[in-house]
file protein_20.pdb (PDB, C-alpha atoms)
ATOM      1  CA  ALA A 796      31.471  -5.876  11.688
ATOM      2  CA  GLN A 797      28.417  -5.217  13.776
ATOM      3  CA  LYS A 798      28.666  -3.865  17.303
ATOM      4  CA  VAL A 799      26.273  -2.888  20.072
ATOM      5  CA  THR A 800      27.262  -0.596  22.911
ATOM      6  CA  GLN A 801      25.392  -0.100  26.153
ATOM      7  CA  ALA A 802      27.462   2.505  27.924
ATOM      8  CA  GLN A 803      25.549   2.315  31.206
ATOM      9  CA  THR A 804      26.694  -0.794  33.034
ATOM     10  CA  GLU A 805      24.568  -0.173  36.108
ATOM     11  CA  ILE A 806      21.691   2.186  36.966
ATOM     12  CA  SER A 807      20.022   2.572  40.311
ATOM     13  CA  VAL A 808      16.684   4.376  40.704
ATOM     14  CA  VAL A 809      13.974   4.685  43.298
ATOM     15  CA  GLU A 810      10.580   3.208  42.542
ATOM     16  CA  LYS A 811       8.303   5.410  40.391
ATOM     17  CA  GLU A 812      11.210   7.209  38.769
ATOM     18  CA  ASP A 813      11.502   7.137  34.982
ATOM     19  CA  VAL A 814      14.667   5.587  33.582
ATOM     20  CA  THR A 815      16.184   5.431  30.091
ATOM     21  CA  LEU A 816      18.574   2.715  28.981
ATOM     22  CA  ASP A 817      20.841   3.700  26.101
ATOM     23  CA  CYS A 818      21.820   1.540  23.148
ATOM     24  CA  VAL A 819      24.082   2.529  20.263
ATOM     25  CA  TYR A 820      24.802   0.185  17.384
ATOM     26  CA  GLU A 821      27.131  -0.112  14.395
ATOM     27  CA  THR A 822      26.388  -1.987  11.202
ATOM     28  CA  ARG A 823      27.225  -1.766   7.507
ATOM     29  CA  ASP A 824      24.031  -3.503   6.522
ATOM     30  CA  THR A 825      21.077  -1.398   5.364
ATOM     31  CA  THR A 826      18.585  -3.987   6.554
ATOM     32  CA  TYR A 827      18.901  -5.007  10.146
ATOM     33  CA  TYR A 828      16.870  -5.744  13.248
ATOM     34  CA  LEU A 829      17.172  -4.419  16.757
ATOM     35  CA  PHE A 830      15.969  -6.154  19.896
ATOM     36  CA  TRP A 831      15.672  -5.611  23.613
ATOM     37  CA  TYR A 832      15.771  -8.485  26.083
ATOM     38  CA  LYS A 833      15.333  -8.586  29.847
ATOM     39  CA  GLN A 834      17.269 -11.021  32.024
ATOM     40  CA  PRO A 835      15.852 -11.293  35.562
ATOM     41  CA  PRO A 836      17.870 -13.001  38.316
ATOM     42  CA  SER A 837      16.437 -16.366  37.269
ATOM     43  CA  GLY A 838      18.609 -16.162  34.130
ATOM     44  CA  GLU A 839      16.155 -16.590  31.283
ATOM     45  CA  LEU A 840      16.302 -13.935  28.566
ATOM     46  CA  VAL A 841      12.849 -12.486  27.964
ATOM     47  CA  PHE A 842      12.073 -10.924  24.587
ATOM     48  CA  LEU A 843      10.690  -7.364  24.829
ATOM     49  CA  ILE A 844      10.687  -5.842  21.339
ATOM     50  CA  ARG A 845      11.962  -6.174  17.773
ATOM     51  CA  ARG A 846      12.409  -3.286  15.351
ATOM     52  CA  ASN A 847      13.510  -3.417  11.721
ATOM     53  CA  SER A 848      15.706  -0.744  10.168
ATOM     54  CA  PHE A 849      12.912   0.609   7.985
ATOM     55  CA  ASP A 850      10.537   1.288  10.830
ATOM     56  CA  GLU A 851      11.565   4.333  12.819
ATOM     57  CA  GLN A 852       8.263   4.760  14.583
ATOM     58  CA  ASN A 853       8.564   4.922  18.317
ATOM     59  CA  GLU A 854       6.648   2.322  20.230
ATOM     60  CA  ILE A 855       4.887   2.314  23.563
ATOM     61  CA  SER A 856       3.766  -0.753  25.442
ATOM     62  CA  GLY A 857       2.355   0.024  28.849
ATOM     63  CA  ARG A 858       5.137   1.536  30.939
ATOM     64  CA  TYR A 859       7.744   0.663  28.286
ATOM     65  CA  SER A 860       8.660   2.839  25.317
ATOM     66  CA  TRP A 861      11.368   2.670  22.683
ATOM     67  CA  ASN A 862      12.969   5.457  20.672
ATOM     68  CA  PHE A 863      14.690   4.382  17.447
ATOM     69  CA  GLN A 864      16.813   7.012  15.679
ATOM     70  CA  LYS A 865      18.767   5.894  12.615
ATOM     71  CA  SER A 866      20.496   9.273  12.378
ATOM     72  CA  THR A 867      22.291   8.605  15.649
ATOM     73  CA  SER A 868      22.280   4.777  15.412
ATOM     74  CA  SER A 869      20.466   4.562  18.711
ATOM     75  CA  PHE A 870      17.631   2.443  20.046
ATOM     76  CA  ASN A 871      16.877   3.631  23.558
ATOM     77  CA  PHE A 872      14.476   2.072  26.027
ATOM     78  CA  THR A 873      12.509   4.019  28.638
ATOM     79  CA  ILE A 874      10.652   2.607  31.616
ATOM     80  CA  THR A 875       8.118   5.013  33.048
ATOM     81  CA  ALA A 876       7.212   4.859  36.737
ATOM     82  CA  SER A 877       9.685   2.067  37.438
ATOM     83  CA  GLN A 878       8.788  -0.774  39.778
ATOM     84  CA  VAL A 879      10.899  -3.162  41.850
ATOM     85  CA  VAL A 880       9.941  -5.984  39.469
ATOM     86  CA  ASP A 881      11.751  -4.118  36.693
ATOM     87  CA  SER A 882      15.062  -4.904  38.390
ATOM     88  CA  ALA A 883      17.022  -6.997  35.912
ATOM     89  CA  VAL A 884      19.790  -6.849  33.345
ATOM     90  CA  TYR A 885      18.616  -5.428  30.031
ATOM     91  CA  PHE A 886      20.297  -6.292  26.761
ATOM     92  CA  CYS A 887      20.107  -4.560  23.425
ATOM     93  CA  ALA A 888      20.902  -6.741  20.401
ATOM     94  CA  LEU A 889      21.339  -6.482  16.640
ATOM     95  CA  SER A 890      20.985  -8.944  13.791
ATOM     96  CA  GLU A 891      21.818  -8.272  10.177
ATOM     97  CA  ALA A 892      19.588  -9.510   7.401
ATOM     98  CA  TYR A 893      22.404 -10.450   5.001
ATOM     99  CA  ASN A 894      23.335 -13.671   6.770
ATOM    100  CA  ALA A 895      19.756 -14.945   6.541
ATOM    101  CA  GLY A 896      20.004 -16.235  10.034
ATOM    102  CA  ASN A 897      19.623 -15.475  13.657
ATOM    103  CA  MET A 898      23.027 -14.314  14.729
ATOM    104  CA  LEU A 899      22.365 -11.822  17.511
ATOM    105  CA  THR A 900      25.122  -9.461  18.552
ATOM    106  CA  PHE A 901      24.462  -8.325  22.108
ATOM    107  CA  GLY A 902      25.547  -5.259  23.987
ATOM    108  CA  GLY A 903      27.196  -5.674  27.361
ATOM    109  CA  GLY A 904      23.930  -5.165  29.195
ATOM    110  CA  THR A 905      22.687  -2.602  31.709
ATOM    111  CA  ARG A 906      21.900  -3.750  35.230
ATOM    112  CA  LEU A 907      18.876  -1.847  36.500
ATOM    113  CA  MET A 908      18.196  -1.781  40.221
ATOM    114  CA  VAL A 909      14.895  -0.312  41.336
ATOM    115  CA  LYS A 910      14.752   0.359  45.059
ATOM    116  CA  PRO A 911      11.491   0.618  46.985
TER
ATOM    117  CA  LYS B1214       2.594 -23.512  24.586
ATOM    118  CA  ALA B1215       5.706 -24.967  26.178
ATOM    119  CA  GLY B1216       8.809 -22.782  26.072
ATOM    120  CA  VAL B1217      12.358 -23.676  25.174
ATOM    121  CA  THR B1218      13.609 -26.498  27.381
ATOM    122  CA  GLN B1219      17.257 -27.012  28.165
ATOM    123  CA  THR B1220      18.757 -29.960  29.991
ATOM    124  CA  PRO B1221      20.518 -30.323  32.282
ATOM    125  CA  ARG B1222      20.188 -27.082  34.274
ATOM    126  CA  TYR B1223      23.536 -27.530  36.025
ATOM    127  CA  LEU B1224      26.616 -29.512  35.165
ATOM    128  CA  ILE B1225      30.004 -29.907  36.778
ATOM    129  CA  LYS B1226      32.878 -31.337  34.762
ATOM    130  CA  THR B1227      36.657 -31.468  34.986
ATOM    131  CA  ARG B1228      39.226 -30.266  32.508
ATOM    132  CA  GLY B1229      39.715 -32.520  29.516
ATOM    133  CA  GLN B1230      36.269 -34.076  29.675
ATOM    134  CA  GLN B1231      33.562 -33.541  27.106
ATOM    135  CA  VAL B1232      29.947 -32.498  27.589
ATOM    136  CA  THR B1233      26.682 -32.582  25.644
ATOM    137  CA  LEU B1234      23.887 -30.093  26.273
ATOM    138  CA  SER B1235      20.370 -30.514  24.985
ATOM    139  CA  CYS B1236      17.730 -28.062  23.778
ATOM    140  CA  SER B1237      14.097 -28.633  22.805
ATOM    141  CA  PRO B1238      12.686 -25.637  20.913
ATOM    142  CA  ILE B1239       9.184 -24.256  20.987
ATOM    143  CA  SER B1240       6.894 -26.429  18.907
ATOM    144  CA  GLY B1241       6.937 -25.264  15.280
ATOM    145  CA  HIS B1242      10.205 -23.366  15.583
ATOM    146  CA  ARG B1243      12.780 -24.564  13.092
ATOM    147  CA  SER B1244      15.707 -22.345  14.022
ATOM    148  CA  VAL B1245      17.792 -23.108  17.099
ATOM    149  CA  SER B1246      20.683 -20.894  18.195
ATOM    150  CA  TRP B1247      23.212 -21.315  20.977
ATOM    151  CA  TYR B1248      24.897 -18.591  23.011
ATOM    152  CA  GLN B1249      27.568 -18.552  25.685
ATOM    153  CA  GLN B1250      27.275 -16.069  28.548
ATOM    154  CA  THR B1251      30.244 -15.253  30.792
ATOM    155  CA  PRO B1252      30.923 -12.288  33.099
ATOM    156  CA  GLY B1253      33.981 -11.310  31.071
ATOM    157  CA  GLN B1254      32.802 -11.735  27.479
ATOM    158  CA  GLY B1255      29.073 -11.257  27.898
ATOM    159  CA  LEU B1256      26.666 -12.968  25.526
ATOM    160  CA  GLN B1257      28.344 -14.489  22.487
ATOM    161  CA  PHE B1258      26.806 -16.326  19.568
ATOM    162  CA  LEU B1259      27.999 -19.901  19.089
ATOM    163  CA  PHE B1260      26.013 -21.269  16.145
ATOM    164  CA  GLU B1261      22.580 -21.576  14.596
ATOM    165  CA  TYR B1262      20.847 -24.576  13.092
ATOM    166  CA  PHE B1263      17.924 -24.522  10.714
ATOM    167  CA  SER B1264      16.378 -27.647   9.205
ATOM    168  CA  GLU B1265      19.270 -29.779  10.472
ATOM    169  CA  THR B1266      21.890 -27.565   8.793
ATOM    170  CA  GLN B1267      24.306 -25.203  10.463
ATOM    171  CA  ARG B1268      23.423 -21.822   9.017
ATOM    172  CA  ASN B1269      25.717 -19.520  10.976
ATOM    173  CA  LYS B1270      28.746 -19.982  13.177
ATOM    174  CA  GLY B1271      30.342 -17.664  15.702
ATOM    175  CA  ASN B1272      34.000 -17.245  16.493
ATOM    176  CA  PHE B1273      34.598 -20.271  18.706
ATOM    177  CA  PRO B1274      37.167 -23.067  18.374
ATOM    178  CA  GLY B1275      36.319 -26.391  16.771
ATOM    179  CA  ARG B1276      35.917 -27.966  20.217
ATOM    180  CA  PHE B1277      32.437 -26.467  20.159
ATOM    181  CA  SER B1278      30.066 -28.296  17.855
ATOM    182  CA  GLY B1279      26.385 -28.881  17.506
ATOM    183  CA  ARG B1280      23.701 -30.646  15.570
ATOM    184  CA  GLN B1281      19.989 -30.526  14.996
ATOM    185  CA  PHE B1282      17.627 -33.445  14.613
ATOM    186  CA  SER B1283      14.646 -33.804  12.308
ATOM    187  CA  ASN B1284      12.284 -32.828  15.143
ATOM    188  CA  SER B1285      14.276 -29.554  15.538
ATOM    189  CA  ARG B1286      15.764 -30.575  18.883
ATOM    190  CA  SER B1287      19.394 -29.583  19.118
ATOM    191  CA  GLU B1288      22.480 -30.624  21.008
ATOM    192  CA  MET B1289      25.767 -28.873  21.484
ATOM    193  CA  ASN B1290      28.976 -30.621  22.381
ATOM    194  CA  VAL B1291      32.152 -29.262  23.907
ATOM    195  CA  SER B1292      35.205 -31.511  23.848
ATOM    196  CA  THR B1293      38.426 -31.264  25.824
ATOM    197  CA  LEU B1294      36.901 -28.881  28.332
ATOM    198  CA  GLU B1295      38.939 -25.943  29.599
ATOM    199  CA  LEU B1296      38.452 -23.819  32.699
ATOM    200  CA  GLY B1297      37.402 -20.919  30.474
ATOM    201  CA  ASP B1298      34.427 -22.916  29.189
ATOM    202  CA  SER B1299      32.668 -22.338  32.499
ATOM    203  CA  ALA B1300      29.598 -20.351  31.506
ATOM    204  CA  LEU B1301      25.860 -20.202  31.150
ATOM    205  CA  TYR B1302      24.907 -21.774  27.818
ATOM    206  CA  LEU B1303      21.653 -20.454  26.412
ATOM    207  CA  CYS B1304      19.586 -21.957  23.665
ATOM    208  CA  ALA B1305      17.046 -19.936  21.697
ATOM    209  CA  SER B1306      14.472 -20.879  19.104
ATOM    210  CA  SER B1307      12.584 -18.884  16.508
ATOM    211  CA  LEU B1308      10.276 -19.490  13.590
ATOM    212  CA  ASN B1309      12.709 -18.259  10.964
ATOM    213  CA  SER B1310      15.289 -15.609  10.100
ATOM    214  CA  ASN B1311      15.393 -12.412  12.115
ATOM    215  CA  GLN B1312      12.311 -13.341  14.069
ATOM    216  CA  PRO B1313      12.301 -12.877  17.837
ATOM    217  CA  GLN B1314      14.313 -15.569  19.531
ATOM    218  CA  HIS B1315      12.886 -17.157  22.635
ATOM    219  CA  PHE B1316      15.388 -18.368  25.169
ATOM    220  CA  GLY B1317      15.513 -21.280  27.562
ATOM    221  CA  ASP B1318      16.659 -21.070  31.181
ATOM    222  CA  GLY B1319      20.147 -22.155  30.210
ATOM    223  CA  THR B1320      22.614 -24.784  31.340
ATOM    224  CA  ARG B1321      25.186 -23.596  33.834
ATOM    225  CA  LEU B1322      28.431 -25.446  33.177
ATOM    226  CA  SER B1323      31.213 -25.368  35.749
ATOM    227  CA  ILE B1324      34.656 -26.735  34.980
ATOM    228  CA  LEU B1325      36.855 -27.778  37.905
TER
END
call {"tool": "encode", "arguments": {"input": "protein_20.pdb", "output": "structure tokens"}}
result
Amino acid sequence: AQKVTQAQTEISVVEKEDVTLDCVYETRDTTYYLFWYKQPPSGELVFLIRRNSFDEQNEISGRYSWNFQKSTSSFNFTITASQVVDSAVYFCALSEAYNAGNMLTFGGGTRLMVKP
Amino acid sequence: KAGVTQTPRYLIKTRGQQVTLSCSPISGHRSVSWYQQTPGQGLQFLFEYFSETQRNKGNFPGRFSGRQFSNSRSEMNVSTLELGDSALYLCASSLNSNQPQHFGDGTRLSIL
């Protein structure tokens, strides 16, 4: 069965620091998709990125970057020069292609607090 | 483009009652999924509907059910409510399989 682990339950940084959120996953499927979502205090889950298992290229979007390594089953997320507005709970999630659907398995989430 | 709309935002019920939650997906999205979020269990998948058919189901008792209408709007129903059903229920829509899911603000259900 699939599983996603976010070992860091809470991280606190000071504004402008860089921070990396870890995500480790388990799956037996060879084709799968990995996602990151942000949940601000308002509650809505905001989609950040999707990666498929055949695309190991790292991605950068502004201050955000993602490092996907199949060899270690990890999909880590780095925020560069963090800002107070980055404070939220971040979730890593996995879906497997075999079930032809949208069954996301989420990690437990990492609460990021950025202090001014 | 309007996002995913969930109604109501808040609901208070008592044990034994039943409840129906509603979700309107993003226009053009045919897949609607439901998730339960609690402090203890985190985010858990309930079920997914695509073209009015349940395509996937999570590990929840039969008291949890859902349906999808021809306009892709979806409802989920919980019967014989228990205290442990208190949670934030999130609906998400996507174009198709393994596409990014876009979430609504959720319905916060409290059971007294």
call {"tool": "resolve_selection", "arguments": {"input": "protein_20.pdb", "expression": "the PyMOL selection byres ((chain A and resi 835-844) around 7)", "output": "list in words"}}
result
Phe830, Trp831, Tyr832, Lys833, Gln834, Arg845, Arg846, Ala883 and Val884 of chain A; His1315, Phe1316, Gly1317, Asp1318 and Gly1319 of chain B
call {"tool": "write_last_selection", "arguments": {"input": "protein_20.pdb", "atoms": "C-alpha atoms", "output": "PDB file, in the coordinates of the input"}}
result
ATOM      1  CA  PHE A 830      15.969  -6.154  19.896  1.00  0.00           C
ATOM      2  CA  TRP A 831      15.672  -5.611  23.613  1.00  0.00           C
ATOM      3  CA  TYR A 832      15.771  -8.485  26.083  1.00  0.00           C
ATOM      4  CA  LYS A 833      15.333  -8.586  29.847  1.00  0.00           C
ATOM      5  CA  GLN A 834      17.269 -11.021  32.024  1.00  0.00           C
ATOM      6  CA  ARG A 845      11.962  -6.174  17.773  1.00  0.00           C
ATOM      7  CA  ARG A 846      12.409  -3.286  15.351  1.00  0.00           C
ATOM      8  CA  ALA A 883      17.022  -6.997  35.912  1.00  0.00           C
ATOM      9  CA  VAL A 884      19.790  -6.849  33.345  1.00  0.00           C
TER      10      VAL A 884
ATOM     11  CA  HIS B1315      12.886 -17.157  22.635  1.00  0.00           C
ATOM     12  CA  PHE B1316      15.388 -18.368  25.169  1.00  0.00           C
ATOM     13  CA  GLY B1317      15.513 -21.280  27.562  1.00  0.00           C
ATOM     14  CA  ASP B1318      16.659 -21.070  31.181  1.00  0.00           C
ATOM     15  CA  GLY B1319      20.147 -22.155  30.210  1.00  0.00           C
TER      16      GLY B1319
END
call {"tool": "closest_atom_pairs", "arguments": {"input": "protein_20.pdb", "of": "chain B", "to": "chain A", "cutoff": "10 Å", "atoms": "all atoms listed in the file", "output": "CSV"}}
result
residue,atom,partner,partner_atom,distance
B:Ser1244,CA,A:Asn897,CA,7.9
B:Val1245,CA,A:Asn897,CA,8.6
B:Ser1246,CA,A:Asn897,CA,7.1
B:Trp1247,CA,A:Met898,CA,9.4
B:Tyr1248,CA,A:Leu899,CA,9.1
B:Pro1252,CA,A:Gly903,CA,9.5
B:Gly1253,CA,A:Gly903,CA,9.6
B:Gln1254,CA,A:Gly903,CA,8.3
B:Gly1255,CA,A:Gly903,CA,5.9
B:Leu1256,CA,A:Phe901,CA,6.2
B:Gln1257,CA,A:Thr900,CA,7.2
B:Phe1258,CA,A:Met898,CA,6.5
B:Leu1259,CA,A:Met898,CA,8.7
B:Phe1260,CA,A:Met898,CA,7.7
B:Glu1261,CA,A:Asn897,CA,6.8
B:Tyr1262,CA,A:Gly896,CA,8.9
B:Phe1263,CA,A:Gly896,CA,8.6
B:Gln1267,CA,A:Gly896,CA,10.0
B:Arg1268,CA,A:Gly896,CA,6.6
B:Asn1269,CA,A:Gly896,CA,6.7
B:Lys1270,CA,A:Met898,CA,8.2
B:Gly1271,CA,A:Met898,CA,8.1
B:Leu1301,CA,A:Gly838,CA,8.8
B:Leu1303,CA,A:Glu839,CA,8.3
B:Cys1304,CA,A:Glu839,CA,9.9
B:Ala1305,CA,A:Leu840,CA,9.2
B:Ser1306,CA,A:Asn897,CA,9.2
B:Ser1307,CA,A:Asn897,CA,8.3
B:Asn1309,CA,A:Gly896,CA,7.6
B:Ser1310,CA,A:Gly896,CA,4.8
B:Asn1311,CA,A:Asn897,CA,5.4
B:Gln1312,CA,A:Asn897,CA,7.6
B:Pro1313,CA,A:Arg845,CA,6.7
B:Gln1314,CA,A:Phe842,CA,7.2
B:His1315,CA,A:Phe842,CA,6.6
B:Phe1316,CA,A:Leu840,CA,5.7
B:Gly1317,CA,A:Glu839,CA,6.0
B:Asp1318,CA,A:Glu839,CA,4.5
B:Gly1319,CA,A:Glu839,CA,6.9
B:Thr1320,CA,A:Gly838,CA,9.9
B:Arg1321,CA,A:Gly838,CA,9.9
call {"tool": "resolve_selection", "arguments": {"input": "protein_20.pdb", "expression": "the PyMOL selection byres ((chain A and resi 907) around 7)", "output": "list of chain:residue names"}}
result
A:Glu805, A:Ile806, A:Ser807, A:Ser882, A:Ala883, A:Val884, A:Thr905, A:Arg906, A:Met908, A:Val909
call {"tool": "write_last_selection", "arguments": {"input": "protein_20.pdb", "atoms": "C-alpha atoms", "output": "mmCIF file, in the coordinates of the input"}}
result
data_model
loop_
_atom_site.group_PDB
_atom_site.id
_atom_site.type_symbol
_atom_site.label_atom_id
_atom_site.label_comp_id
_atom_site.auth_asym_id
_atom_site.auth_seq_id
_atom_site.Cartn_x
_atom_site.Cartn_y
_atom_site.Cartn_z
ATOM 1 C CA GLU A 805 24.568 -0.173 36.108
ATOM 2 C CA ILE A 806 21.691 2.186 36.966
ATOM 3 C CA SER A 807 20.022 2.572 40.311
ATOM 4 C CA SER A 882 15.062 -4.904 38.390
ATOM 5 C CA ALA A 883 17.022 -6.997 35.912
ATOM 6 C CA VAL A 884 19.790 -6.849 33.345
ATOM 7 C CA THR A 905 22.687 -2.602 31.709
ATOM 8 C CA ARG A 906 21.900 -3.750 35.230
ATOM 9 C CA MET A 908 18.196 -1.781 40.221
ATOM 10 C CA VAL A 909 14.895 -0.312 41.336
#
call {"tool": "resolve_selection", "arguments": {"input": "protein_20.pdb", "expression": "the PyMOL selection byres ((chain B and resi 1281-1283) around 9)", "output": "PDB file with C-alpha atoms, in the frame of the given file"}}
result
ATOM      1  CA  VAL B1245      17.792 -23.108  17.099  1.00  0.00           C
ATOM      2  CA  TYR B1262      20.847 -24.576  13.092  1.00  0.00           C
ATOM      3  CA  PHE B1263      17.924 -24.522  10.714  1.00  0.00           C
ATOM      4  CA  SER B1264      16.378 -27.647   9.205  1.00  0.00           C
ATOM      5  CA  GLU B1265      19.270 -29.779  10.472  1.00  0.00           C
ATOM      6  CA  THR B1266      21.890 -27.565   8.793  1.00  0.00           C
ATOM      7  CA  GLN B1267      24.306 -25.203  10.463  1.00  0.00           C
ATOM      8  CA  GLY B1279      26.385 -28.881  17.506  1.00  0.00           C
ATOM      9  CA  ARG B1280      23.701 -30.646  15.570  1.00  0.00           C
ATOM     10  CA  ASN B1284      12.284 -32.828  15.143  1.00  0.00           C
ATOM     11  CA  SER B1285      14.276 -29.554  15.538  1.00  0.00           C
ATOM     12  CA  ARG B1286      15.764 -30.575  18.883  1.00  0.00           C
ATOM     13  CA  SER B1287      19.394 -29.583  19.118  1.00  0.00           C
ATOM     14  CA  GLU B1288      22.480 -30.624  21.008  1.00  0.00           C
ATOM     15  CA  MET B1289      25.767 -28.873  21.484  1.00  0.00           C
TER      16      MET B1289
END
call {"tool": "axis_aligned_box", "arguments": {"input": "protein_20.pdb", "around": "region 811-815 of chain A", "padding_each_side": "5 Å", "output": "AutoDock Vina command-line options"}}
result
--center_x 12.2 --center_y 6.3 --center_z 35.2 --size_x 17.9 --size_y 11.8 --size_z 20.3
call {"tool": "atom_distance", "arguments": {"input": "protein_20.pdb", "atom1": "CA of Leu1308 (chain B)", "atom2": "CA of Gly1241 (chain B)"}}
result
6.9 Å
call {"tool": "closest_residue", "arguments": {"input": "protein_20.pdb", "among": "A:Ser856, A:Thr826, A:Ser848, A:Gln801", "to": "Asn871 (chain A)", "atoms": "only C-alpha atoms"}}
result
A:Gln801
call {"tool": "atom_distance", "arguments": {"input": "protein_20.pdb", "atom1": "CA of Pro1274 (chain B)", "atom2": "CA of Thr1233 (chain B)"}}
result
15.9 Å
call {"tool": "residues_around", "arguments": {"input": "protein_20.pdb", "residues": "Val819 (chain A)", "least_positions_apart": "5", "cutoff": "7 Å", "atoms": "only C-alpha atoms", "output": "number ranges by chain"}}
result
A: 799-801, 868-870
call {"tool": "write_last_selection", "arguments": {"input": "protein_20.pdb", "atoms": "C-alpha atoms", "output": "compact mmCIF listing (two decimals), in the coordinates of the input"}}
result
# COMPACT_ATOMS: atom_id res chain seq x y z
CA VAL A 799 26.27 -2.89 20.07
CA THR A 800 27.26 -0.60 22.91
CA GLN A 801 25.39 -0.10 26.15
CA SER A 868 22.28 4.78 15.41
CA SER A 869 20.47 4.56 18.71
CA PHE A 870 17.63 2.44 20.05
call {"tool": "build_atoms", "arguments": {"input": "protein_20.pdb", "residues": "region 1220-1226 of chain B", "atoms": "all heavy atoms", "output": "PDB file, in the frame of the given file"}}
result
ATOM      1  N   THR B1220      18.322 -29.010  28.973  1.00  0.00           N
ATOM      2  CA  THR B1220      18.757 -29.960  29.991  1.00  0.00           C
ATOM      3  C   THR B1220      20.236 -30.290  29.806  1.00  0.00           C
ATOM      4  O   THR B1220      20.740 -30.287  28.674  1.00  0.00           O
ATOM      5  CB  THR B1220      17.947 -31.275  29.911  1.00  0.00           C
ATOM      6  OG1 THR B1220      18.068 -31.806  28.588  1.00  0.00           O
ATOM      7  CG2 THR B1220      16.497 -31.055  30.260  1.00  0.00           C
ATOM      8  N   PRO B1221      20.955 -30.530  30.905  1.00  0.00           N
ATOM      9  CA  PRO B1221      20.518 -30.323  32.282  1.00  0.00           C
ATOM     10  C   PRO B1221      20.573 -28.841  32.661  1.00  0.00           C
ATOM     11  O   PRO B1221      21.061 -28.025  31.886  1.00  0.00           O
ATOM     12  CB  PRO B1221      21.539 -31.134  33.069  1.00  0.00           C
ATOM     13  CG  PRO B1221      22.790 -31.019  32.260  1.00  0.00           C
ATOM     14  CD  PRO B1221      22.349 -31.009  30.816  1.00  0.00           C
ATOM     15  N   ARG B1222      20.108 -28.470  33.820  1.00  0.00           N
ATOM     16  CA  ARG B1222      20.188 -27.082  34.274  1.00  0.00           C
ATOM     17  C   ARG B1222      21.583 -26.758  34.801  1.00  0.00           C
ATOM     18  O   ARG B1222      22.074 -25.645  34.637  1.00  0.00           O
ATOM     19  CB  ARG B1222      19.173 -26.814  35.381  1.00  0.00           C
ATOM     20  CG  ARG B1222      17.729 -26.739  34.936  1.00  0.00           C
ATOM     21  CD  ARG B1222      17.459 -25.571  33.979  1.00  0.00           C
ATOM     22  NE  ARG B1222      17.951 -24.292  34.475  1.00  0.00           N
ATOM     23  CZ  ARG B1222      17.308 -23.520  35.334  1.00  0.00           C
ATOM     24  NH1 ARG B1222      16.148 -23.886  35.828  1.00  0.00           N
ATOM     25  NH2 ARG B1222      17.817 -22.352  35.713  1.00  0.00           N
ATOM     26  N   TYR B1223      22.201 -27.726  35.454  1.00  0.00           N
ATOM     27  CA  TYR B1223      23.536 -27.530  36.025  1.00  0.00           C
ATOM     28  C   TYR B1223      24.401 -28.735  35.703  1.00  0.00           C
ATOM     29  O   TYR B1223      23.912 -29.854  35.637  1.00  0.00           O
ATOM     30  CB  TYR B1223      23.467 -27.356  37.558  1.00  0.00           C
ATOM     31  CG  TYR B1223      22.589 -26.215  38.000  1.00  0.00           C
ATOM     32  CD1 TYR B1223      21.245 -26.439  38.314  1.00  0.00           C
ATOM     33  CD2 TYR B1223      23.089 -24.919  38.099  1.00  0.00           C
ATOM     34  CE1 TYR B1223      20.434 -25.390  38.701  1.00  0.00           C
ATOM     35  CE2 TYR B1223      22.267 -23.869  38.498  1.00  0.00           C
ATOM     36  CZ  TYR B1223      20.945 -24.116  38.790  1.00  0.00           C
ATOM     37  OH  TYR B1223      20.138 -23.078  39.183  1.00  0.00           O
ATOM     38  N   LEU B1224      25.678 -28.455  35.520  1.00  0.00           N
ATOM     39  CA  LEU B1224      26.616 -29.512  35.165  1.00  0.00           C
ATOM     40  C   LEU B1224      27.988 -29.145  35.706  1.00  0.00           C
ATOM     41  O   LEU B1224      28.434 -28.007  35.563  1.00  0.00           O
ATOM     42  CB  LEU B1224      26.658 -29.637  33.639  1.00  0.00           C
ATOM     43  CG  LEU B1224      26.983 -30.949  32.961  1.00  0.00           C
ATOM     44  CD1 LEU B1224      26.186 -32.094  33.564  1.00  0.00           C
ATOM     45  CD2 LEU B1224      26.684 -30.828  31.480  1.00  0.00           C
ATOM     46  N   ILE B1225      28.636 -30.127  36.312  1.00  0.00           N
ATOM     47  CA  ILE B1225      30.004 -29.907  36.778  1.00  0.00           C
ATOM     48  C   ILE B1225      30.898 -30.934  36.107  1.00  0.00           C
ATOM     49  O   ILE B1225      30.616 -32.138  36.149  1.00  0.00           O
ATOM     50  CB  ILE B1225      30.111 -30.044  38.311  1.00  0.00           C
ATOM     51  CG1 ILE B1225      29.222 -28.998  38.993  1.00  0.00           C
ATOM     52  CG2 ILE B1225      31.561 -29.869  38.760  1.00  0.00           C
ATOM     53  CD1 ILE B1225      29.171 -29.131  40.506  1.00  0.00           C
ATOM     54  N   LYS B1226      31.946 -30.460  35.468  1.00  0.00           N
ATOM     55  CA  LYS B1226      32.878 -31.337  34.762  1.00  0.00           C
ATOM     56  C   LYS B1226      34.302 -30.944  35.154  1.00  0.00           C
ATOM     57  O   LYS B1226      34.538 -29.902  35.769  1.00  0.00           O
ATOM     58  CB  LYS B1226      32.702 -31.182  33.245  1.00  0.00           C
ATOM     59  CG  LYS B1226      31.384 -31.717  32.712  1.00  0.00           C
ATOM     60  CD  LYS B1226      31.379 -33.225  32.678  1.00  0.00           C
ATOM     61  CE  LYS B1226      30.151 -33.763  31.999  1.00  0.00           C
ATOM     62  NZ  LYS B1226      30.157 -35.251  31.965  1.00  0.00           N
TER      63      LYS B1226
END
